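Student: Structure: model.pdb, PDB, C-alpha atoms and all ligand atoms.
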```pdb
ATOM      1  CA  MET Q   1       0.000   0.000   0.000  1.00  0.00           C
ATOM      2  CA  LYS Q   2       1.153   3.497  -0.840  1.00  0.00           C
ATOM      3  CA  CYS Q   3      -0.109   6.552   1.040  1.00  0.00           C
ATOM      4  CA  TYR Q   4       0.156  10.160  -0.102  1.00  0.00           C
ATOM      5  CA  VAL Q   5       0.487  12.655   2.744  1.00  0.00           C
ATOM      6  CA  THR Q   6       1.786  16.147   3.434  1.00  0.00           C
ATOM      7  CA  ASN Q   7       3.958  16.955   6.447  1.00  0.00           C
ATOM      8  CA  ASN Q   8       1.439  19.016   8.378  1.00  0.00           C
ATOM      9  CA  SER Q   9      -2.027  17.779   7.419  1.00  0.00           C
ATOM     10  CA  PRO Q  10      -3.868  16.709  10.604  1.00  0.00           C
ATOM     11  CA  TYR Q  11      -5.791  14.103   8.589  1.00  0.00           C
ATOM     12  CA  ALA Q  12      -2.622  12.615   7.111  1.00  0.00           C
ATOM     13  CA  ARG Q  13      -1.106  12.650  10.603  1.00  0.00           C
ATOM     14  CA  LYS Q  14      -4.091  10.656  11.861  1.00  0.00           C
ATOM     15  CA  VAL Q  15      -3.397   7.952   9.271  1.00  0.00           C
ATOM     16  CA  ARG Q  16       0.313   7.905  10.131  1.00  0.00           C
ATOM     17  CA  ILE Q  17      -0.426   7.618  13.853  1.00  0.00           C
ATOM     18  CA  VAL Q  18      -2.925   4.819  13.266  1.00  0.00           C
ATOM     19  CA  ALA Q  19      -0.319   2.924  11.224  1.00  0.00           C
ATOM     20  CA  MET Q  20       2.318   3.445  13.951  1.00  0.00           C
ATOM     21  CA  GLU Q  21       0.014   2.473  16.797  1.00  0.00           C
ATOM     22  CA  LEU Q  22      -0.876  -0.725  14.935  1.00  0.00           C
ATOM     23  CA  GLY Q  23       2.756  -1.538  14.112  1.00  0.00           C
ATOM     24  CA  LEU Q  24       2.094  -1.243  10.371  1.00  0.00           C
ATOM     25  CA  TYR Q  25       4.000   1.962   9.626  1.00  0.00           C
ATOM     26  CA  ASP Q  26       6.911   0.284   7.854  1.00  0.00           C
ATOM     27  CA  GLU Q  27       4.605  -1.829   5.700  1.00  0.00           C
ATOM     28  CA  ILE Q  28       3.253   1.312   4.029  1.00  0.00           C
ATOM     29  CA  GLU Q  29       5.114   3.273   1.368  1.00  0.00           C
ATOM     30  CA  TRP Q  30       4.713   6.919   2.448  1.00  0.00           C
ATOM     31  CA  LYS Q  31       4.853   9.568  -0.264  1.00  0.00           C
ATOM     32  CA  THR Q  32       5.205  13.028   1.237  1.00  0.00           C
ATOM     33  CA  LEU Q  33       4.004  15.739  -1.125  1.00  0.00           C
ATOM     34  CA  THR Q  34       4.589  19.467  -1.043  1.00  0.00           C
ATOM     35  CA  ARG Q  35       1.586  21.796  -1.127  1.00  0.00           C
ATOM     36  CA  GLU Q  36       2.153  22.388  -4.839  1.00  0.00           C
ATOM     37  CA  GLU Q  37       2.419  18.668  -5.655  1.00  0.00           C
ATOM     38  CA  ARG Q  38      -0.887  18.037  -3.867  1.00  0.00           C
ATOM     39  CA  GLY Q  39      -2.769  19.246  -6.973  1.00  0.00           C
ATOM     40  CA  ASP Q  40      -1.369  16.252  -8.903  1.00  0.00           C
ATOM     41  CA  LEU Q  41      -3.414  13.998  -6.623  1.00  0.00           C
ATOM     42  CA  GLN Q  42      -6.556  14.788  -8.605  1.00  0.00           C
ATOM     43  CA  ILE Q  43      -5.842  11.739 -10.770  1.00  0.00           C
ATOM     44  CA  TYR Q  44      -6.578   9.653  -7.651  1.00  0.00           C
ATOM     45  CA  ASN Q  45      -8.893  11.939  -5.696  1.00  0.00           C
ATOM     46  CA  PRO Q  46     -10.923  14.449  -7.715  1.00  0.00           C
ATOM     47  CA  LEU Q  47     -10.973  16.672  -4.607  1.00  0.00           C
ATOM     48  CA  GLY Q  48      -7.156  16.907  -4.707  1.00  0.00           C
ATOM     49  CA  LYS Q  49      -6.888  16.339  -0.955  1.00  0.00           C
ATOM     50  CA  VAL Q  50      -4.483  14.341   1.174  1.00  0.00           C
ATOM     51  CA  PRO Q  51      -4.421  11.702   2.495  1.00  0.00           C
ATOM     52  CA  VAL Q  52      -4.951   9.270  -0.375  1.00  0.00           C
ATOM     53  CA  ALA Q  53      -4.043   5.577  -0.282  1.00  0.00           C
ATOM     54  CA  ILE Q  54      -3.378   3.307  -3.243  1.00  0.00           C
ATOM     55  CA  LEU Q  55      -3.858  -0.315  -2.273  1.00  0.00           C
ATOM     56  CA  ASP Q  56      -1.705  -3.137  -3.646  1.00  0.00           C
ATOM     57  CA  THR Q  57      -4.682  -4.104  -5.810  1.00  0.00           C
ATOM     58  CA  GLY Q  58      -4.575  -0.625  -7.384  1.00  0.00           C
ATOM     59  CA  ASP Q  59      -7.800   0.399  -5.655  1.00  0.00           C
ATOM     60  CA  ILE Q  60      -7.887   3.955  -4.381  1.00  0.00           C
ATOM     61  CA  VAL Q  61      -9.009   4.820  -0.870  1.00  0.00           C
ATOM     62  CA  CYS Q  62      -9.587   8.493  -0.042  1.00  0.00           C
ATOM     63  CA  ASP Q  63     -10.473  10.428   3.100  1.00  0.00           C
ATOM     64  CA  SER Q  64      -8.739   9.840   6.419  1.00  0.00           C
ATOM     65  CA  PRO Q  65     -11.617   8.036   8.236  1.00  0.00           C
ATOM     66  CA  VAL Q  66     -11.854   5.550   5.364  1.00  0.00           C
ATOM     67  CA  ILE Q  67      -8.077   5.042   5.142  1.00  0.00           C
ATOM     68  CA  CYS Q  68      -7.841   4.626   8.929  1.00  0.00           C
ATOM     69  CA  ALA Q  69     -10.646   2.042   8.834  1.00  0.00           C
ATOM     70  CA  TYR Q  70      -8.795   0.222   6.058  1.00  0.00           C
ATOM     71  CA  VAL Q  71      -5.493   0.205   7.998  1.00  0.00           C
ATOM     72  CA  ASP Q  72      -7.334  -0.943  11.126  1.00  0.00           C
ATOM     73  CA  SER Q  73      -8.805  -3.843   9.130  1.00  0.00           C
ATOM     74  CA  LEU Q  74      -5.310  -5.118   8.299  1.00  0.00           C
ATOM     75  CA  THR Q  75      -4.623  -6.465  11.771  1.00  0.00           C
ATOM     76  CA  SER Q  76      -6.561  -8.047  14.583  1.00  0.00           C
ATOM     77  CA  SER Q  77      -3.848  -7.830  17.239  1.00  0.00           C
ATOM     78  CA  ARG Q  78      -5.076  -4.390  18.301  1.00  0.00           C
ATOM     79  CA  LYS Q  79      -8.137  -2.502  17.094  1.00  0.00           C
ATOM     80  CA  LEU Q  80      -8.495   1.292  17.038  1.00  0.00           C
ATOM     81  CA  ILE Q  81     -12.067   1.039  15.772  1.00  0.00           C
ATOM     82  CA  PRO Q  82     -14.358  -1.315  17.724  1.00  0.00           C
ATOM     83  CA  GLU Q  83     -15.886  -3.784  15.280  1.00  0.00           C
ATOM     84  CA  CYS Q  84     -19.452  -3.627  16.518  1.00  0.00           C
ATOM     85  CA  GLY Q  85     -21.859  -2.387  19.115  1.00  0.00           C
ATOM     86  CA  SER Q  86     -22.565   1.074  20.459  1.00  0.00           C
ATOM     87  CA  LYS Q  87     -18.872   1.573  21.256  1.00  0.00           C
ATOM     88  CA  ARG Q  88     -18.130   1.573  17.499  1.00  0.00           C
ATOM     89  CA  TRP Q  89     -20.515   4.470  16.834  1.00  0.00           C
ATOM     90  CA  GLU Q  90     -19.314   6.340  19.895  1.00  0.00           C
ATOM     91  CA  VAL Q  91     -15.688   6.091  18.736  1.00  0.00           C
ATOM     92  CA  LEU Q  92     -16.471   7.025  15.118  1.00  0.00           C
ATOM     93  CA  THR Q  93     -18.550   9.977  16.277  1.00  0.00           C
ATOM     94  CA  LEU Q  94     -15.646  11.231  18.370  1.00  0.00           C
ATOM     95  CA  GLU Q  95     -13.406  10.883  15.307  1.00  0.00           C
ATOM     96  CA  ALA Q  96     -15.910  12.916  13.254  1.00  0.00           C
ATOM     97  CA  LEU Q  97     -15.976  15.604  15.943  1.00  0.00           C
ATOM     98  CA  GLY Q  98     -12.172  15.706  15.931  1.00  0.00           C
ATOM     99  CA  ASP Q  99     -12.113  15.980  12.136  1.00  0.00           C
ATOM    100  CA  GLY Q 100     -14.733  18.738  12.284  1.00  0.00           C
ATOM    101  CA  LEU Q 101     -12.514  20.595  14.719  1.00  0.00           C
ATOM    102  CA  GLY Q 102      -9.705  20.275  12.162  1.00  0.00           C
ATOM    103  CA  ASP Q 103     -11.991  21.566   9.381  1.00  0.00           C
ATOM    104  CA  ALA Q 104     -12.785  24.673  11.433  1.00  0.00           C
ATOM    105  CA  VAL Q 105      -9.086  25.264  12.147  1.00  0.00           C
ATOM    106  CA  ILE Q 106      -8.261  24.973   8.433  1.00  0.00           C
ATOM    107  CA  VAL Q 107     -10.920  27.525   7.468  1.00  0.00           C
ATOM    108  CA  ILE Q 108      -9.551  30.020  10.014  1.00  0.00           C
ATOM    109  CA  SER Q 109      -5.995  29.363   8.928  1.00  0.00           C
ATOM    110  CA  GLN Q 110      -6.933  29.972   5.274  1.00  0.00           C
ATOM    111  CA  GLU Q 111      -8.820  33.113   6.241  1.00  0.00           C
ATOM    112  CA  ASN Q 112      -5.798  34.383   8.188  1.00  0.00           C
ATOM    113  CA  GLN Q 113      -3.640  34.007   5.090  1.00  0.00           C
ATOM    114  CA  ARG Q 114      -5.852  36.390   3.108  1.00  0.00           C
ATOM    115  CA  SER Q 115      -5.109  40.076   2.859  1.00  0.00           C
ATOM    116  CA  ASN Q 116      -6.905  42.360   5.332  1.00  0.00           C
ATOM    117  CA  GLU Q 117      -9.382  43.496   2.673  1.00  0.00           C
ATOM    118  CA  LEU Q 118     -10.436  39.950   1.808  1.00  0.00           C
ATOM    119  CA  ARG Q 119     -10.296  38.421   5.285  1.00  0.00           C
ATOM    120  CA  SER Q 120     -13.729  37.928   6.822  1.00  0.00           C
ATOM    121  CA  GLN Q 121     -13.923  38.318  10.587  1.00  0.00           C
ATOM    122  CA  ASP Q 122     -17.415  36.856  10.419  1.00  0.00           C
ATOM    123  CA  VAL Q 123     -16.071  33.604   8.951  1.00  0.00           C
ATOM    124  CA  VAL Q 124     -13.326  33.462  11.601  1.00  0.00           C
ATOM    125  CA  ASP Q 125     -15.792  34.101  14.434  1.00  0.00           C
ATOM    126  CA  ARG Q 126     -18.209  31.427  13.226  1.00  0.00           C
ATOM    127  CA  GLN Q 127     -15.477  28.809  12.988  1.00  0.00           C
ATOM    128  CA  LEU Q 128     -13.990  29.832  16.340  1.00  0.00           C
ATOM    129  CA  SER Q 129     -17.373  29.387  17.939  1.00  0.00           C
ATOM    130  CA  LYS Q 130     -17.521  25.826  16.533  1.00  0.00           C
ATOM    131  CA  ILE Q 131     -14.076  25.133  18.005  1.00  0.00           C
ATOM    132  CA  LYS Q 132     -15.153  26.449  21.423  1.00  0.00           C
ATOM    133  CA  SER Q 133     -18.391  24.524  21.347  1.00  0.00           C
ATOM    134  CA  ALA Q 134     -16.541  21.278  20.477  1.00  0.00           C
ATOM    135  CA  LEU Q 135     -13.911  21.863  23.162  1.00  0.00           C
ATOM    136  CA  SER Q 136     -16.507  22.553  25.795  1.00  0.00           C
ATOM    137  CA  VAL Q 137     -18.269  19.229  25.050  1.00  0.00           C
ATOM    138  CA  LEU Q 138     -14.927  17.380  24.919  1.00  0.00           C
ATOM    139  CA  ASP Q 139     -13.786  18.911  28.200  1.00  0.00           C
ATOM    140  CA  LYS Q 140     -16.758  17.297  29.976  1.00  0.00           C
ATOM    141  CA  VAL Q 141     -15.918  13.815  28.703  1.00  0.00           C
ATOM    142  CA  ALA Q 142     -12.099  13.966  28.623  1.00  0.00           C
ATOM    143  CA  SER Q 143     -11.842  11.945  31.846  1.00  0.00           C
ATOM    144  CA  ASP Q 144     -13.637   9.058  30.056  1.00  0.00           C
ATOM    145  CA  PHE Q 145     -11.326   9.042  27.039  1.00  0.00           C
ATOM    146  CA  ASN Q 146      -9.845   5.687  26.077  1.00  0.00           C
ATOM    147  CA  ASP Q 147      -6.282   5.016  27.168  1.00  0.00           C
ATOM    148  CA  PRO Q 148      -4.564   3.754  25.090  1.00  0.00           C
ATOM    149  CA  PRO Q 149      -6.368   5.952  22.588  1.00  0.00           C
ATOM    150  CA  LEU Q 150      -8.741   4.734  19.901  1.00  0.00           C
ATOM    151  CA  ILE Q 151      -9.370   6.486  16.597  1.00  0.00           C
ATOM    152  CA  GLY Q 152     -11.628   9.115  18.217  1.00  0.00           C
ATOM    153  CA  GLU Q 153      -8.986  10.378  20.634  1.00  0.00           C
ATOM    154  CA  ILE Q 154      -6.341  10.237  17.891  1.00  0.00           C
ATOM    155  CA  GLY Q 155      -8.493  12.386  15.580  1.00  0.00           C
ATOM    156  CA  VAL Q 156      -9.181  14.974  18.273  1.00  0.00           C
ATOM    157  CA  ALA Q 157      -5.503  15.210  19.252  1.00  0.00           C
ATOM    158  CA  CYS Q 158      -4.369  15.597  15.614  1.00  0.00           C
ATOM    159  CA  SER Q 159      -6.716  18.549  15.152  1.00  0.00           C
ATOM    160  CA  LEU Q 160      -5.542  20.173  18.397  1.00  0.00           C
ATOM    161  CA  GLY Q 161      -1.977  19.692  17.165  1.00  0.00           C
ATOM    162  CA  TYR Q 162      -2.813  21.504  13.957  1.00  0.00           C
ATOM    163  CA  MET Q 163      -4.598  24.265  15.896  1.00  0.00           C
ATOM    164  CA  ASP Q 164      -1.468  24.846  18.000  1.00  0.00           C
ATOM    165  CA  PHE Q 165       0.781  24.603  14.950  1.00  0.00           C
ATOM    166  CA  ARG Q 166      -1.194  27.344  13.172  1.00  0.00           C
ATOM    167  CA  GLU Q 167      -1.398  29.359  16.419  1.00  0.00           C
ATOM    168  CA  ILE Q 168      -5.155  29.519  16.287  1.00  0.00           C
ATOM    169  CA  PHE Q 169      -6.820  29.966  19.685  1.00  0.00           C
ATOM    170  CA  PRO Q 170      -3.450  29.534  21.508  1.00  0.00           C
ATOM    171  CA  GLU Q 171      -5.033  30.219  24.911  1.00  0.00           C
ATOM    172  CA  TRP Q 172      -7.465  27.244  24.672  1.00  0.00           C
ATOM    173  CA  ARG Q 173      -5.797  25.408  27.581  1.00  0.00           C
ATOM    174  CA  GLU Q 174      -6.864  28.126  30.030  1.00  0.00           C
ATOM    175  CA  SER Q 175     -10.565  27.428  29.452  1.00  0.00           C
ATOM    176  CA  TYR Q 176     -10.501  23.653  28.944  1.00  0.00           C
ATOM    177  CA  ALA Q 177      -8.311  22.276  31.731  1.00  0.00           C
ATOM    178  CA  ASN Q 178      -9.422  18.628  31.421  1.00  0.00           C
ATOM    179  CA  MET Q 179      -8.651  18.619  27.732  1.00  0.00           C
ATOM    180  CA  ALA Q 180      -5.335  20.346  28.376  1.00  0.00           C
ATOM    181  CA  SER Q 181      -4.220  17.659  30.872  1.00  0.00           C
ATOM    182  CA  TRP Q 182      -5.370  14.831  28.618  1.00  0.00           C
ATOM    183  CA  TYR Q 183      -3.626  16.380  25.611  1.00  0.00           C
ATOM    184  CA  THR Q 184      -0.314  16.747  27.486  1.00  0.00           C
ATOM    185  CA  ILE Q 185      -0.363  13.011  28.176  1.00  0.00           C
ATOM    186  CA  ILE Q 186      -1.354  11.784  24.704  1.00  0.00           C
ATOM    187  CA  LEU Q 187       1.360  13.961  23.144  1.00  0.00           C
ATOM    188  CA  LYS Q 188       3.985  11.847  24.913  1.00  0.00           C
ATOM    189  CA  ARG Q 189       3.142   8.782  22.844  1.00  0.00           C
ATOM    190  CA  GLN Q 190       5.852   7.908  20.362  1.00  0.00           C
ATOM    191  CA  SER Q 191       3.329   7.958  17.510  1.00  0.00           C
ATOM    192  CA  PHE Q 192       2.615  11.617  18.324  1.00  0.00           C
ATOM    193  CA  THR Q 193       6.186  12.774  18.936  1.00  0.00           C
ATOM    194  CA  LYS Q 194       7.311  11.174  15.677  1.00  0.00           C
ATOM    195  CA  THR Q 195       4.594  12.850  13.605  1.00  0.00           C
ATOM    196  CA  ALA Q 196       4.489  16.342  15.126  1.00  0.00           C
ATOM    197  CA  PRO Q 197       3.888  19.067  12.512  1.00  0.00           C
ATOM    198  CA  SER Q 198       6.982  21.105  11.734  1.00  0.00           C
TER     199      SER Q 198
HETATM  200  N1  LIG O   1     -12.115  14.887   5.084  1.00  0.00           N
HETATM  201  C1  LIG O   1     -10.778  14.808   4.536  1.00  0.00           C
HETATM  202  C2  LIG O   1     -10.109  16.174   4.616  1.00  0.00           C
HETATM  203  C3  LIG O   1      -8.767  16.180   3.902  1.00  0.00           C
HETATM  204  C4  LIG O   1      -8.228  17.600   3.745  1.00  0.00           C
HETATM  205  O1  LIG O   1      -8.943  18.585   3.915  1.00  0.00           O
HETATM  206  N2  LIG O   1      -6.938  17.667   3.433  1.00  0.00           N
HETATM  207  C5  LIG O   1      -6.312  18.954   3.224  1.00  0.00           C
HETATM  208  C6  LIG O   1      -4.950  19.010   3.902  1.00  0.00           C
HETATM  209  S1  LIG O   1      -5.119  19.186   5.623  1.00  0.00           S
HETATM  210  C7  LIG O   1      -6.071  19.149   1.742  1.00  0.00           C
HETATM  211  O2  LIG O   1      -5.511  18.276   1.110  1.00  0.00           O
HETATM  212  N3  LIG O   1      -6.488  20.294   1.209  1.00  0.00           N
HETATM  213  C8  LIG O   1      -6.238  20.629  -0.162  1.00  0.00           C
HETATM  214  C9  LIG O   1      -7.399  21.306  -0.793  1.00  0.00           C
HETATM  215  O3  LIG O   1      -8.444  21.488  -0.127  1.00  0.00           O
HETATM  216  O4  LIG O   1      -7.260  21.641  -1.951  1.00  0.00           O
HETATM  217  C10 LIG O   1      -9.982  13.746   5.299  1.00  0.00           C
HETATM  218  O5  LIG O   1     -10.328  13.475   6.450  1.00  0.00           O
HETATM  219  O6  LIG O   1      -9.063  13.169   4.724  1.00  0.00           O
END
```
Mind turning the file's structure into C-alpha cells?
Ligand SMILES: N[C@@H](CCC(=O)N[C@@H](CS)C(=O)NCC(=O)O)C(=O)O
Tutor:
Amino acid sequence: MKCYVTNNSPYARKVRIVAMELGLYDEIEWKTLTREERGDLQIYNPLGKVPVAILDTGDIVCDSPVICAYVDSLTSSRKLIPECGSKRWEVLTLEALGDGLGDAVIVISQENQRSNELRSQDVVDRQLSKIKSALSVLDKVASDFNDPPLIGEIGVACSLGYMDFREIFPEWRESYANMASWYTIILKRQSFTKTAPS
C-alpha cells in the first residue's frame, strides 16, 4: 500500500499515527508531497486532498476516516475502531468531531492568510465558535477518554496539534483544563512525537 500525505495535514497525521500504533508503519510506502504537488493527486482523488491511499490491488481509498478504517482492518492484534456495538458508533462519532474541529481550524488558517481586505472576521468568528463549542463538550468527557487511545482520541488530538501549529486559539488550555491535561499526556506517545507538525 502506498499513502500520499503532506507533512502538516492533521488528517494525514491521523493515518500515520494509526499505522504506527498498529505496528504497520513500515509496511506502508509513504509519499510526502509538497503543497504544490498536492494538486497532482486529482488523478486519484478528484478533490485533490491528502491523504490518499493506493492499495496493492490498485484500488484507491480516499479520506482519512476511510483510510484509517482500512489500515485498522489489516490487523486483529489491536483494534483502534471497535468492530461492533454502540462503542463503534461512539468512537467514530468522536473521530468525526475531531475531524470537524480540524476543518474549522483549516478555514480560520486559510482566512488568516488572506489580505486584510479579503479576510472575513465573520467567517473566523463562526469557525472559532464551533471550536469552542466542540472543546466545551470534549472537556466534559475527557476523563472518560480511552487510554490507550482509539481512533476518536487520535483524531481529536491531531486537530488540536494543527490548531497549536497554526497558532489559532493559543489560549485554549486556560478554558478547557481537562482537555489540556489529557492532551499533554497523549502527546507523549511515540506515535505523536514522531509525527508532530513542523
Ligand atoms: N475529510 C478529509 C479532509 C482532507 C483535507 O482537507 N486535506 C487537506 C490538507 S489538511 C487538503 O488536502 N487540502 C487541499 C485542498 O483542499 O485543496 C480527510 O479526512 O481526509
Student: Output, as JSON, the centre and edge lengths in Å (one decimal) of the axis-aligned box that contains all listed atoms of stretch 40-54 of chain Q with 6 Å of margin on each side.
Tutor:
```
{"center_x": -6.2, "center_y": 10.1, "center_z": -4.1, "size_x": 21.6, "size_y": 25.6, "size_z": 25.3}
```
Student: If the limit is 6 Å from any atom of ligand LIG 1 (chain O), counting all atoms listed in the file, which residues qualify? Return them as a count of residues only.
Tutor: 10
Student: Once the PyMOL selection byres (((chain Q and resi 25) around 12) and not hetatm) has been applied to the shown file, what residues remain in the selection, as number ranges by chain?
Tutor: Q: 1-3, 13, 15-24, 26-30, 71-72, 74, 191, 194-195
Student: Figure out the distance between atom CA of Q:Phe169 and atom CA of Q:Leu135, please, to one decimal in Å.
Tutor: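 So the answer is 11.3 Å.
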Student: Taking 6 positions as the minimum chain separation for residues in the same chain, which residues sit within 10 Å of Q:Asn45 when counting all atoms listed in the file? Answer as an MDAnalysis selection string.
Tutor: chainID Q and resid 39 51:53 60:63
Student: Go through the shown structure with the PyMOL selection byres (((chain Q and resi 123-128) around 9) and not hetatm) and write out the matching residues as a list of chain:residue names.
Tutor: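 This file gives the following for the PyMOL selection byres (((chain Q and resi 123-128) around 9) and not hetatm): Q:Leu101, Q:Asp103, Q:Ala104, Q:Val105, Q:Val107, Q:Ile108, Q:Ser109, Q:Glu111, Q:Asn112, Q:Arg119, Q:Ser120, Q:Gln121, Q:Asp122, Q:Ser129, Q:Lys130, Q:Ile131, Q:Lys132, Q:Ser133, Q:Ile168, Q:Phe169.
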Student: To one decimal in Å, tell me the separation between atom CA of Q:Ile54 and atom CA of Q:Thr6.
Tutor: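 Separation between atom CA of Q:Ile54 and atom CA of Q:Thr6: 15.4 Å.
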Student: Between atom CA of Q:Gly102 and atom CA of Q:Ser159, measure the distance and give it in Å to one decimal.
Tutor: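 Result for atom CA of Q:Gly102 versus atom CA of Q:Ser159: 4.6 Å, one decimal.
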Student: Looking at all atoms listed in the file, which of Q:Ile67, Q:Leu80, Q:Leu94, Q:Met163 is the one that sits closest to Q:Ala12?
Tutor: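 When distances to Q:Ala12 are compared using all atoms listed in the file, the smallest one comes from Q:Ile67.
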Student: List the residues selected by the PyMOL selection byres (((chain Q and resi 143-150) around 8) and not hetatm) in the file shown, writing them as a compact mmCIF listing (two decimals) with C-alpha atoms, in the coordinates of the input.
Tutor:
```txt
# COMPACT_ATOMS: atom_id res chain seq x y z
CA LYS Q 79 -8.14 -2.50 17.09
CA LEU Q 80 -8.49 1.29 17.04
CA ILE Q 81 -12.07 1.04 15.77
CA VAL Q 91 -15.69 6.09 18.74
CA LYS Q 140 -16.76 17.30 29.98
CA VAL Q 141 -15.92 13.82 28.70
CA ALA Q 142 -12.10 13.97 28.62
CA ILE Q 151 -9.37 6.49 16.60
CA GLY Q 152 -11.63 9.12 18.22
CA GLU Q 153 -8.99 10.38 20.63
CA ILE Q 154 -6.34 10.24 17.89
CA ASN Q 178 -9.42 18.63 31.42
CA TRP Q 182 -5.37 14.83 28.62
CA ILE Q 186 -1.35 11.78 24.70
```
